[in-house]
Structure formats: C-alpha cells, structure tokens
>>> print(open('final_22.cif').read())   # mmCIF, C-alpha atoms
data_entry
loop_
_atom_site.label_atom_id
_atom_site.label_comp_id
_atom_site.auth_asym_id
_atom_site.auth_seq_id
_atom_site.Cartn_x
_atom_site.Cartn_y
_atom_site.Cartn_z
CA MET A 236 -90.94 24.38 0.50
CA ASP A 237 -89.91 20.88 -0.47
CA TRP A 238 -86.77 21.90 -2.35
CA ARG A 239 -85.46 23.64 0.77
CA LYS A 240 -86.01 20.54 2.87
CA GLU A 241 -84.26 18.44 0.26
CA LYS A 242 -81.36 20.89 0.19
CA HIS A 243 -80.97 20.78 3.97
CA SER A 244 -81.17 16.98 3.92
CA TYR A 245 -78.47 16.84 1.25
CA LEU A 246 -76.20 19.16 3.23
CA ALA A 247 -76.72 17.07 6.34
CA VAL A 248 -75.65 13.93 4.49
CA VAL A 249 -72.54 15.67 3.12
CA VAL A 250 -71.56 16.94 6.57
CA LEU A 251 -72.15 13.51 8.12
CA CYS A 252 -70.02 11.78 5.48
CA SER A 253 -67.26 14.34 5.93
CA LEU A 254 -67.29 13.78 9.68
CA CYS A 255 -67.11 10.02 9.15
CA LEU A 256 -64.11 10.38 6.85
CA LEU A 257 -62.46 12.74 9.31
CA LEU A 258 -63.03 10.36 12.20
CA LEU A 259 -61.69 7.50 10.09
CA ALA A 260 -58.55 9.48 9.33
CA PHE A 261 -58.11 10.37 12.99
CA GLY A 262 -58.71 6.74 13.87
CA ASP A 263 -55.89 5.65 11.55
CA ALA A 264 -53.62 8.32 12.98
CA PHE A 265 -54.34 7.28 16.55
CA ALA A 266 -53.83 3.63 15.56
CA GLU A 267 -50.25 4.28 14.41
CA PRO A 268 -47.96 2.13 16.56
CA SER A 269 -45.38 3.89 18.70
CA THR A 270 -41.67 3.44 18.04
CA ALA A 271 -41.52 1.25 21.15
CA GLN A 272 -44.23 -0.98 19.70
CA VAL A 273 -42.45 -1.12 16.35
CA LYS A 274 -39.22 -2.13 18.09
CA LYS A 275 -41.01 -4.90 19.97
CA MET A 276 -42.76 -6.14 16.81
CA TRP A 277 -39.50 -6.14 14.84
CA GLU A 278 -37.57 -8.03 17.50
CA GLY A 279 -40.34 -10.57 17.90
CA GLN A 280 -40.93 -11.13 14.19
CA ASN A 281 -37.20 -11.44 13.36
CA ASN A 282 -36.06 -13.11 16.61
CA VAL A 283 -33.47 -10.41 17.37
CA LYS A 284 -34.25 -9.53 20.97
CA ASP A 285 -32.43 -6.44 22.29
CA ARG A 286 -30.69 -5.86 18.95
CA VAL A 287 -32.80 -3.00 17.58
CA LEU A 288 -30.76 0.14 18.24
CA SER A 289 -32.91 2.79 16.59
CA VAL A 290 -36.44 3.27 15.25
CA LYS A 291 -37.23 6.50 13.41
CA ARG A 292 -40.62 7.52 12.02
CA MET A 293 -40.49 8.27 8.28
CA GLY A 294 -44.19 9.00 7.60
CA GLY A 295 -45.56 7.42 4.44
CA GLN A 296 -49.03 6.71 5.83
CA ARG A 297 -51.06 4.75 3.28
CA THR A 298 -53.76 2.10 3.08
CA THR A 299 -53.17 -1.55 2.29
CA ASN A 300 -55.36 -4.31 0.87
CA GLN A 301 -53.14 -7.05 2.27
CA LEU A 302 -52.60 -8.41 5.78
CA ASP A 303 -51.34 -11.74 7.10
CA GLY A 304 -50.70 -12.94 3.57
CA LYS A 305 -54.33 -12.42 2.55
CA HIS A 306 -55.55 -10.06 -0.17
CA TYR A 307 -58.77 -8.07 0.14
CA ILE A 308 -60.86 -6.14 -2.38
CA THR A 309 -60.99 -3.02 -0.21
CA PRO A 310 -58.38 -1.51 2.12
CA VAL A 311 -58.27 -3.27 5.48
CA GLY A 312 -55.29 -1.63 7.09
CA THR A 313 -52.84 1.24 7.21
CA CYS A 314 -49.05 1.24 6.83
CA TRP A 315 -46.39 3.59 8.19
CA ASP A 316 -42.68 3.71 7.35
CA TYR A 317 -39.76 3.54 9.78
CA ASP A 318 -35.98 3.48 9.49
CA ILE A 319 -34.77 0.66 11.73
CA VAL A 320 -31.17 -0.06 12.77
CA GLU A 321 -30.42 -3.63 13.81
CA LEU A 322 -27.20 -4.89 15.44
CA GLN A 323 -25.69 -7.76 13.41
CA LYS A 324 -22.49 -9.80 13.27
CA CYS A 325 -20.56 -7.67 10.77
CA GLY A 326 -21.95 -4.28 11.72
CA CYS A 327 -25.32 -2.56 11.87
CA ARG A 328 -27.91 -2.93 9.16
CA LEU A 329 -30.11 0.04 8.40
CA PHE A 330 -33.50 -1.02 7.05
CA LEU A 331 -34.81 1.90 5.02
CA LYS A 332 -38.53 2.57 5.20
CA ALA A 333 -39.49 -0.74 6.73
CA SER A 334 -43.27 -0.73 7.08
CA ALA A 335 -45.51 -1.42 10.05
CA CYS A 336 -48.94 -2.35 8.71
CA CYS A 337 -51.89 -2.61 11.10
CA ARG A 338 -55.53 -3.50 10.69
CA ARG A 339 -57.67 -0.39 10.73
CA GLY A 340 -58.43 0.81 14.22
CA SER A 341 -55.91 -1.55 15.82
CA SER A 342 -52.33 -1.01 16.95
CA ARG A 343 -51.92 -4.65 17.96
CA GLU A 344 -52.95 -6.62 14.88
CA CYS A 345 -49.88 -5.56 12.92
CA GLU A 346 -47.04 -6.95 10.82
CA MET A 347 -43.61 -5.66 9.75
CA ARG A 348 -42.52 -5.49 6.11
CA VAL A 349 -38.87 -5.16 5.11
CA GLY A 350 -37.69 -2.71 2.45
CA ASN A 351 -34.19 -1.94 1.19
CA SER A 352 -31.24 -2.08 3.57
CA LYS A 353 -27.54 -1.32 3.85
CA MET A 354 -24.72 -1.92 6.32
CA VAL A 355 -23.65 1.06 8.44
CA ASP A 356 -21.08 1.82 11.13
CA CYS A 357 -22.33 0.89 14.60
CA SER A 358 -20.23 3.52 16.40
CA PRO A 359 -22.91 6.26 16.32
CA TYR A 360 -25.21 3.89 18.21
CA GLY A 361 -22.75 3.25 21.02
CA LYS A 362 -21.65 -0.16 19.76
CA PRO A 363 -18.36 -1.50 18.30
CA LYS A 364 -17.82 -0.44 14.68
CA PHE A 365 -18.38 -3.93 13.30
CA GLY A 366 -21.25 -4.81 15.59
CA LEU A 367 -21.13 -8.20 17.25
CA ALA A 368 -17.72 -8.82 15.60
CA GLY A 369 -16.11 -5.97 17.57
CA ASN A 370 -13.88 -3.16 16.32
CA THR A 371 -11.84 -5.32 13.92
CA GLU A 372 -13.49 -6.54 10.72
CA PRO A 373 -13.23 -10.35 10.40
CA ALA A 374 -12.18 -11.86 7.07
CA ASP A 375 -15.60 -13.36 6.36
CA CYS A 376 -17.27 -10.02 7.07
CA LYS A 377 -14.89 -8.26 4.71
CA THR A 378 -15.59 -10.82 2.00
CA GLN A 379 -19.32 -10.41 2.50
CA ARG A 380 -19.03 -6.62 2.38
CA MET A 381 -16.93 -6.66 -0.79
CA GLN A 382 -19.31 -9.07 -2.50
CA SER A 383 -22.23 -6.82 -1.67
CA GLU A 384 -20.44 -3.71 -2.92
CA CYS A 385 -19.31 -5.44 -6.11
CA TRP A 386 -22.80 -6.83 -6.75
CA HIS A 387 -24.25 -3.32 -6.74
CA ARG A 388 -21.59 -1.84 -9.03
CA LYS A 389 -22.84 -1.12 -12.54
CA ASP A 390 -19.45 -0.48 -14.15
CA LEU A 391 -18.07 -4.04 -14.03
CA VAL A 392 -17.87 -6.31 -17.08
CA PHE A 393 -16.37 -9.71 -18.01
CA GLY A 394 -16.42 -12.05 -14.99
CA ALA A 395 -18.84 -15.01 -14.84
CA GLY A 396 -20.20 -16.08 -18.22
CA ILE A 397 -17.32 -14.69 -20.31
CA VAL A 398 -14.32 -16.77 -21.38
CA ILE A 399 -10.92 -15.06 -21.32
CA GLY A 400 -8.28 -17.26 -22.93
CA PRO A 401 -8.21 -20.54 -20.98
CA CYS A 402 -10.16 -19.04 -18.06
CA MET A 403 -13.84 -19.91 -18.05
CA GLY A 404 -14.53 -20.82 -14.41
CA SER A 405 -17.08 -23.17 -12.90
CA ASN A 406 -19.84 -23.20 -10.30
CA ALA A 407 -17.99 -25.87 -8.35
CA LYS A 408 -14.76 -23.89 -7.91
CA GLN A 409 -16.28 -20.39 -8.15
CA ASP A 410 -13.18 -19.37 -10.13
CA TRP A 411 -14.82 -17.15 -12.72
CA PRO A 412 -12.63 -14.93 -14.92
CA PRO A 413 -11.76 -11.57 -13.35
CA THR A 414 -13.99 -8.52 -13.65
CA PHE A 415 -12.85 -5.36 -15.39
CA ASN A 416 -13.78 -1.74 -15.80
CA CYS A 417 -13.75 -0.98 -19.53
CA PRO A 418 -13.91 2.33 -21.41
CA LYS A 419 -17.00 1.35 -23.40
CA GLY A 420 -18.51 -1.21 -21.04
CA GLN A 421 -20.15 -4.14 -22.81
CA ALA A 422 -19.15 -2.74 -26.20
CA THR A 423 -15.52 -3.33 -25.24
CA VAL A 424 -16.38 -6.90 -24.25
CA GLN A 425 -17.82 -7.49 -27.71
CA ASP A 426 -14.73 -5.98 -29.31
CA PHE A 427 -12.58 -8.38 -27.30
CA LEU A 428 -14.69 -11.43 -28.14
CA ASN A 429 -14.64 -10.52 -31.84
CA LYS A 430 -10.87 -9.95 -31.68
CA ARG A 431 -11.14 -6.32 -32.68
CA CYS A 432 -8.78 -5.68 -29.77
CA GLY A 433 -6.66 -7.86 -27.54
CA PRO A 434 -5.20 -10.32 -26.87
CA THR A 435 -6.15 -9.48 -23.25
CA PRO A 436 -8.90 -7.20 -21.92
CA GLU A 437 -6.17 -4.88 -20.66
CA ASP A 438 -4.97 -4.51 -24.25
CA CYS A 439 -8.50 -3.26 -24.98
CA GLY A 440 -8.10 -0.46 -22.44
CA CYS A 441 -9.76 -2.27 -19.52
CA LYS A 442 -8.57 -2.16 -15.92
CA ILE A 443 -8.78 -5.28 -13.79
CA VAL A 444 -10.82 -4.95 -10.58
CA GLU A 445 -9.10 -7.39 -8.26
CA GLU A 446 -11.29 -6.71 -5.24
CA CYS A 447 -14.32 -7.91 -7.21
CA SER A 448 -12.63 -10.97 -8.73
CA SER A 449 -12.24 -14.50 -7.41
CA GLU A 450 -8.84 -15.74 -6.29
CA GLY A 451 -8.95 -18.68 -8.69
CA GLY A 452 -9.97 -16.49 -11.61
CA LEU A 453 -7.17 -14.02 -10.92
CA LYS A 454 -4.58 -16.80 -10.79
CA CYS A 455 -5.75 -18.33 -14.06
CA TYR A 456 -5.73 -14.95 -15.82
CA ASN A 457 -2.38 -13.77 -14.44
CA ASP A 458 -0.68 -17.09 -15.21
CA TRP A 459 -2.01 -16.95 -18.76
CA LYS A 460 -1.17 -13.33 -19.58
CA SER A 461 2.35 -13.64 -18.13
CA ASN A 462 3.20 -16.32 -20.73
CA LYS A 463 3.34 -14.78 -24.21
CA ALA A 464 3.27 -18.17 -25.87
CA ALA A 465 0.16 -19.16 -23.92
CA VAL A 466 -1.54 -15.90 -24.88
CA ASP A 467 -0.73 -16.54 -28.54
CA CYS A 468 -2.50 -19.90 -28.35
CA TYR A 469 -5.84 -18.09 -28.03
CA TYR A 470 -5.13 -15.14 -30.30
CA ASN A 471 -3.20 -16.55 -33.24
CA PRO A 472 -5.68 -17.53 -35.99
CA ILE A 473 -3.78 -20.73 -36.80
CA TYR A 474 -5.39 -22.26 -33.69
CA LYS A 475 -8.99 -22.47 -34.82
CA SER A 476 -10.58 -25.06 -32.56
CA GLY A 477 -10.81 -25.19 -28.81
CA TYR A 478 -8.89 -28.46 -28.90
CA GLU A 479 -5.97 -26.87 -30.74
CA GLN A 480 -5.96 -23.86 -28.41
CA GLU A 481 -6.00 -26.01 -25.29
CA LYS A 482 -3.25 -28.30 -26.58
CA CYS A 483 -1.09 -25.30 -27.43
CA TYR A 484 -1.80 -23.74 -24.02
CA LYS A 485 -0.85 -26.87 -22.09
CA ALA A 486 2.39 -27.19 -24.05
CA ALA A 487 3.23 -23.53 -23.46
CA MET A 488 2.53 -23.73 -19.74
CA ALA A 489 4.50 -26.98 -19.47
CA GLY A 490 7.79 -25.29 -20.22
CA GLY A 491 7.79 -23.22 -23.38
CA SER A 492 10.55 -25.14 -25.16
CA ALA A 493 11.02 -25.44 -28.91
CA GLU A 494 9.88 -29.05 -28.63
CA GLY A 495 6.74 -27.83 -26.92
CA ALA A 496 6.21 -25.39 -29.75
CA LYS A 497 6.44 -28.18 -32.30
CA GLU A 498 4.01 -30.33 -30.32
CA ALA A 499 1.52 -27.48 -30.02
CA ALA A 500 1.83 -26.53 -33.67
CA ALA A 501 1.37 -30.15 -34.68
CA GLY A 502 -2.14 -30.01 -33.27
CA ALA A 503 -3.01 -27.20 -35.66
CA ALA A 504 -1.40 -29.02 -38.54
CA ASP A 505 -3.18 -32.31 -37.75
CA SER A 506 -6.63 -30.88 -38.34
CA VAL A 507 -5.58 -29.44 -41.67
CA THR A 508 -3.88 -32.68 -42.70
CA GLN A 509 -6.92 -34.76 -41.78
CA GLY A 510 -9.21 -32.45 -43.69
CA ALA A 511 -6.89 -32.57 -46.65
CA SER A 512 -6.59 -36.38 -46.88
CA GLY A 513 -7.34 -37.61 -50.37
CA SER A 514 -6.94 -34.15 -51.88
CA GLY A 515 -3.47 -34.66 -53.32
CA SER A 516 -0.04 -33.23 -52.81
CA ALA A 517 -1.24 -29.62 -52.85
CA ALA A 518 -3.34 -30.19 -49.73
CA LYS A 519 -0.45 -31.96 -47.98
CA SER A 520 1.84 -29.11 -48.87
CA LYS A 521 -0.67 -26.68 -47.35
CA ALA A 522 -0.79 -28.70 -44.13
CA GLY A 523 2.99 -28.70 -43.91
CA SER A 524 3.08 -24.98 -44.52
CA VAL A 525 0.62 -24.37 -41.66
CA ALA A 526 2.75 -26.46 -39.30
CA ASP A 527 5.93 -24.61 -40.28
CA THR A 528 4.22 -21.26 -39.81
CA ALA A 529 2.99 -22.27 -36.37
CA VAL A 530 6.41 -23.44 -35.25
CA ASP A 531 8.09 -20.28 -36.53
CA ALA A 532 5.54 -18.08 -34.77
CA LEU A 533 5.97 -19.80 -31.43
CA LYS A 534 9.76 -19.83 -31.73
CA ARG A 535 9.76 -16.07 -32.23
CA ILE A 536 7.68 -15.64 -29.08
CA TRP A 537 9.90 -17.89 -26.97
CA LYS A 538 13.19 -16.31 -28.03
#
>>> encode(input="final_22.cif", output="structure tokens")
Amino acid sequence: MDWRKEKHSYLAVVVLCSLCLLLLAFGDAFAEPSTAQVKKMWEGQNNVKDRVLSVKRMGGQRTTNQLDGKHYITPVGTCWDYDIVELQKCGCRLFLKASACCRRGSSRECEMRVGNSKMVDCSPYGKPKFGLAGNTEPADCKTQRMQSECWHRKDLVFGAGIVIGPCMGSNAKQDWPPTFNCPKGQATVQDFLNKRCGPTPEDCGCKIVEECSSEGGLKCYNDWKSNKAAVDCYYNPIYKSGYEQEKCYKAAMAGGSAEGAKEAAAGAADSVTQGASGSGSAAKSKAGSVADTAVDALKRIWK
C-alpha cells in the first residue's frame, strides 16, 4: 500500500537526518583541539613562548557565527573553554574560560579568545611567587596590584570627581582627593556636599582608605584637615565664593596669625561691601559686621 511506503520513506529520512546530526556532533567533538594545541596557539597568538604553565579543559562547547573577525549568518565553528595560566612579570595571570574557537571539522583553523582574568601566586606552578620578578614583589608590581584591587572594590566613594575642601586633583598630577568607605555610601557623599555633616568626610562617619588613594591627594587632605582655620575656610558660611574660600585657605596655611585672619576675613567683607555700594550706611554697616564676625571666628580657632 502507498501509505506504508510513504511511512517507511519518512522514517528513513528521519533516521538519516539523525545520523547526520550525530556525525556532525562527533565531528565537532573530534575537532576539539588538545591542551597541547591550545598552549601552542596561545603562545603564538600572544607572543609568550614557553610562558604558558597550565591549560585546563573547562567544557562549554558551543557554536559560533564568527571567525577571523568575520560574521556569518549560520554557525561556522565551535568553541571550547579553557583555564590558562600565563607567567608574567608580577606573577601569574589566570585567564578564566578563555575560548579556543575552530572552524567546523578543523583543529587547525582556530583562534583564541580572552575572557576574564586575575593574578595568582606562581608557587603552585613551580615558579617564583611573583613570576618573572622573583620572590620579592617590586614596587611597581605592588602599585599595579593595589590599583587593580581598588578598581574592583565597590565600597569606595569620594576620590576623583569630588572636591574635598581645597583638594580637587588634576589629570596632570593624578592627585585626586582620597577615597573613603562611608556608612551610607554615595548618600553620605551627598550629605557631605550639602553640608548636612562635616566639615570633613571623617566627621560624616567615613574611614579613609589610604591604600586606594594617591600620595598627592592624601597630602592635600591631611594638610588641610590638620589646620582648623583652613578647614573653617570651606565650612564657615561667611565664605560664600570659591575666591573667598581659597584666599582664606592660603592665609591660614601661610601661618595662621591674627593678621592672616584679618586678611582672609577681608576677602569675605570685600564682596559684601562691593555689592552694597550705593545702598547707604546700612549696607556699609552690614559689610563691617560681616568682617568683624569673620575675624572673631578665625581668632577663636587660632587661640
């Protein structure tokens, strides 16, 4: 009967397709490069001959539509993941799930793709702890390590982009204000900027993180907070403009004398006097009162 023939034909097609898919899967499996091949590819692609210490299969077999920088509509290759340890100057870098991607059916037409990585101790691989640098960590390696660790920390606030008193930092000097760990994170930063707490971040409950702060930024901050008069220049509301605050700060850091107090306070009084010109004796009296208040405040601090 015709329907039986059609049924048998249909089953034959299904079986044939299944076999093709199975053979294709086996082909991909057999095409997986060996760890020795992966090591050779990695060293060649990254120009690090004899510096790959370990290659470990991590599975993750999957298809890819991209090879040699070209994108295809359909999958043209297969990728596998490997953990690779490479000997470097400051230690060993573990590349997590780096991928070897090969064109289907080939274990030669392949490329390596880098994933996440982290520095690890080289000792377990029979090398000095700090890799090519030996068993003692050089200063530049330590700096690099600390920068990397600080960059990945999520609990640090202030630092670059935030002004603390006279400390604002610059790209040229890389002397950004110090970083802190604060009880409420960015909310504490906003409280500080809006003067709901202060006058220093530490007065807001924050703890300075010296290992993640620049040397120049630490010096600026410590010099400022150690001088009560200088701190007052940026917290006392009588100093409204940046010009007045800076003038007060320079006078305070210059010596902290009563004469310096008068000079700093005069800056605050000048702006009021200028704004009050032509407004009569009442305005002048107000300007004089502001100056007297400023001098008295600074004198109390410097006693």
>>> resolve_selection(input="final_22.cif", expression="the PyMOL selection byres ((chain A and resi 368) around 6)", output="JSON, numbers by chain")
{"A": [324, 325, 365, 366, 367, 369]}
>>> residues_around(input="final_22.cif", residues="segment 349-356 of chain A", least_positions_apart="2", cutoff="9 Å", atoms="only C-alpha atoms", output="ChimeraX atom specification")
/A:320,325-334,347,358-360,362-366,380
>>> closest_residue(input="final_22.cif", among="A:Ser448, A:Asn416, A:Gln296, A:Ser341", to="Pro436 of chain A", atoms="all atoms listed in the file")
A:Asn416
>>> residues_near_point(input="final_22.cif", point="(-6.8, -24.3, -7.2)", cutoff="12 Å", atoms="only C-alpha atoms", output="list in words")
Gly404, Ser405, Ala407, Lys408, Gln409, Asp410, Ser449, Glu450, Gly451, Gly452, Leu453, Lys454 and Cys455 of chain A
>>> atom_distance(input="final_22.cif", atom1="atom CA of Thr435 of chain A", atom2="atom CA of Met381 of chain A")
25.1 Å
>>> resolve_selection(input="final_22.cif", expression="the PyMOL selection byres ((chain A and resi 301) around 10)", output="short mmCIF file (atom, residue, chain, number, x, y, z; two decimals) with C-alpha atoms, in the coordinates of the input")
data_model
loop_
_atom_site.label_atom_id
_atom_site.label_comp_id
_atom_site.auth_asym_id
_atom_site.auth_seq_id
_atom_site.Cartn_x
_atom_site.Cartn_y
_atom_site.Cartn_z
CA THR A 298 -53.76 2.10 3.08
CA THR A 299 -53.17 -1.55 2.29
CA ASN A 300 -55.36 -4.31 0.87
CA LEU A 302 -52.60 -8.41 5.78
CA ASP A 303 -51.34 -11.74 7.10
CA GLY A 304 -50.70 -12.94 3.57
CA LYS A 305 -54.33 -12.42 2.55
CA HIS A 306 -55.55 -10.06 -0.17
CA TYR A 307 -58.77 -8.07 0.14
CA ILE A 308 -60.86 -6.14 -2.38
CA THR A 309 -60.99 -3.02 -0.21
CA PRO A 310 -58.38 -1.51 2.12
CA VAL A 311 -58.27 -3.27 5.48
CA GLY A 312 -55.29 -1.63 7.09
CA THR A 313 -52.84 1.24 7.21
CA CYS A 336 -48.94 -2.35 8.71
CA CYS A 337 -51.89 -2.61 11.10
CA ARG A 338 -55.53 -3.50 10.69
#
